[in-house]
Structure formats: C-alpha cells, structure tokens
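Undergrad: I'd like to ask you about the structure that follows.
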Amino acid sequence: MLENLGGVTSQIARLALDAASQRQEITAHNIANASTPGFVPKRVEFAEQLRAFANEMLAASDPRTVDERYETFKSQIRDGAFVNAKTDQLVEIDMEMVNLAENVLYYRAILEGLSKRGDVLRMAIRERSI
C-alpha cells in the first residue's frame, strides 16, 4: 500500500532511476574497456520507451493494469532490453565522461523531484492530522 502512495508518477520516476543507474554502469564499463582491442561500446536508450510508458500509465484507469505494466517495464530494464551495442562507434573517453556527468544530473533531478513530492505529501498528512 505505502509503495503506491506516490502514485503513477512515483512509479515512473523509480523506473527512470533504475534505467539511469543501468546507464551509469554501462558507461563506466565502456570507460573501463576503452583500451580493449575490439571492444564495442554500449548505450542505454530508454527515453522514448519511458515517455510512451508514462503516457499509457497516466491514461490507465485500472490500477492492476498499471502495476502489471510497471513490473513488465521494470523487468525489461533489469534484463537489459534497452542496452544497445554501437558497433559503428569507438569509445571516446571525453564523451563517456560527459555522458557520466549528464546522467548524474539526470539522476539527481529525478531524486529532487521525488523529494519535493514527498515534502508535499508530508505537509498534506500533517495538516490533515491537526
């Protein structure tokens, strides 16, 4: 019950955090293997899928459908469904570092948004209990 307190928006944010965490791992892996002969860098690309998922979830009226789709998308992230090998690219350390920094900012922005949402919920609960 409490895990759904934030609603669909919190679920979408958690998925985005999971995917961003996976992106951080893949980028670090690319950097670690930059000098390995024949290494093919990978990318995590999920923005379009997450946007479509978010639109579907916000339009859904049945909470069970939302939970089922959430679990499916979560397992896709876990299974690496959005990880793609870029065979036509080489690892460029400076661009990988930019990707890491961008991803950290993305991750922190989502956490900040969730924090603000939590603040609003806490305020609503306190005001109701007075």
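Ligands are numbered from 1 in the order shown, chains are lettered A, B, ... in the order of the structure tokens, and residues start at 1 in each chain.
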If we count only C-alpha atoms and set the cut-off at 12 Å, which residues sit around Lys86 in chain A, ignoring sequence neighbours fewer than 4 positions away in its own chain? Please answer as a list in words.
TA: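 The neighbour list is Asn30, Gly38, Phe39, Val40, Pro41, Lys42, Arg43, Val44, Glu45, Leu90 and Val91 of chain A.
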Undergrad: Quick one: DSSP strand (DSSP E) residues in chain A, as a list in words?
TA: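 After running DSSP on the backbone, chain A has strand (DSSP E) at Lys42, Arg43, Val44, Val83, Asn84 and Ala85 of chain A.
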Undergrad: With C-alpha atoms kept, could you save the residues just selected as a compact mmCIF listing (two decimals), in the first residue's frame?
TA:
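Just written: part_28.txt:
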# COMPACT_ATOMS: atom_id res chain seq x y z
CA LYS A 42 27.10 0.03 -25.38
CA ARG A 43 24.41 2.60 -24.72
CA VAL A 44 21.26 2.53 -22.65
CA VAL A 83 21.06 -1.73 -23.87
CA ASN A 84 22.33 -1.49 -27.42
CA ALA A 85 25.80 -2.19 -28.79
Undergrad: What's around Ile110 in chain A at 8 Å? Count only C-alpha atoms, leave out sequence neighbours fewer than 6 positions away in its own chain, and write the answer as a list of chain:residue names.
TA: A:Ala13, A:Ala16, A:Leu17
Undergrad: From the list A:Ser10, A:Gln22, A:Ala47, A:Ala124, which residue is nearest Asp79 in chain A when using only C-alpha atoms?
TA: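 Answer, going by the shortest atom-to-atom distance: A:Gln22.
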Undergrad: Interatomic distance between CA of Asn99 in chain A and CA of Asp18 in chain A?
TA: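 CA of Asp18 in chain A lies 16.3 Å from CA of Asn99 in chain A.
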Undergrad: Using DSSP on the backbone coordinates, identify all residues within range 4-110 of chain A classified as helix (DSSP H, G or I); present the result as number ranges by chain.
TA: A: 4, 7-32, 47-59, 63-78, 93-110
Undergrad: Report as a list in words all protein, DNA and RNA residues lying within 10 Å of Gln49 in chain A, evaluated on only C-alpha atoms, omitting residues in the same chain fewer than 4 positions from it.
TA: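 Here the qualifying residues turn out to be Glu45, Phe53, Ala54, Asn55, Phe73 and Phe82 of chain A.
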Undergrad: Could you please determine the separation between CA of Glu71 in chain A and CA of Met123 in chain A in Å, to one decimal place?
TA: 29.6 Å
Undergrad: Looking at only C-alpha atoms, which of A:Val66, A:Leu111, A:Ala81, A:Ala32 is the one that sits closest to Glu96 in chain A?
TA: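 Of the candidates, the smallest distance to Glu96 in chain A is held by A:Ala32.
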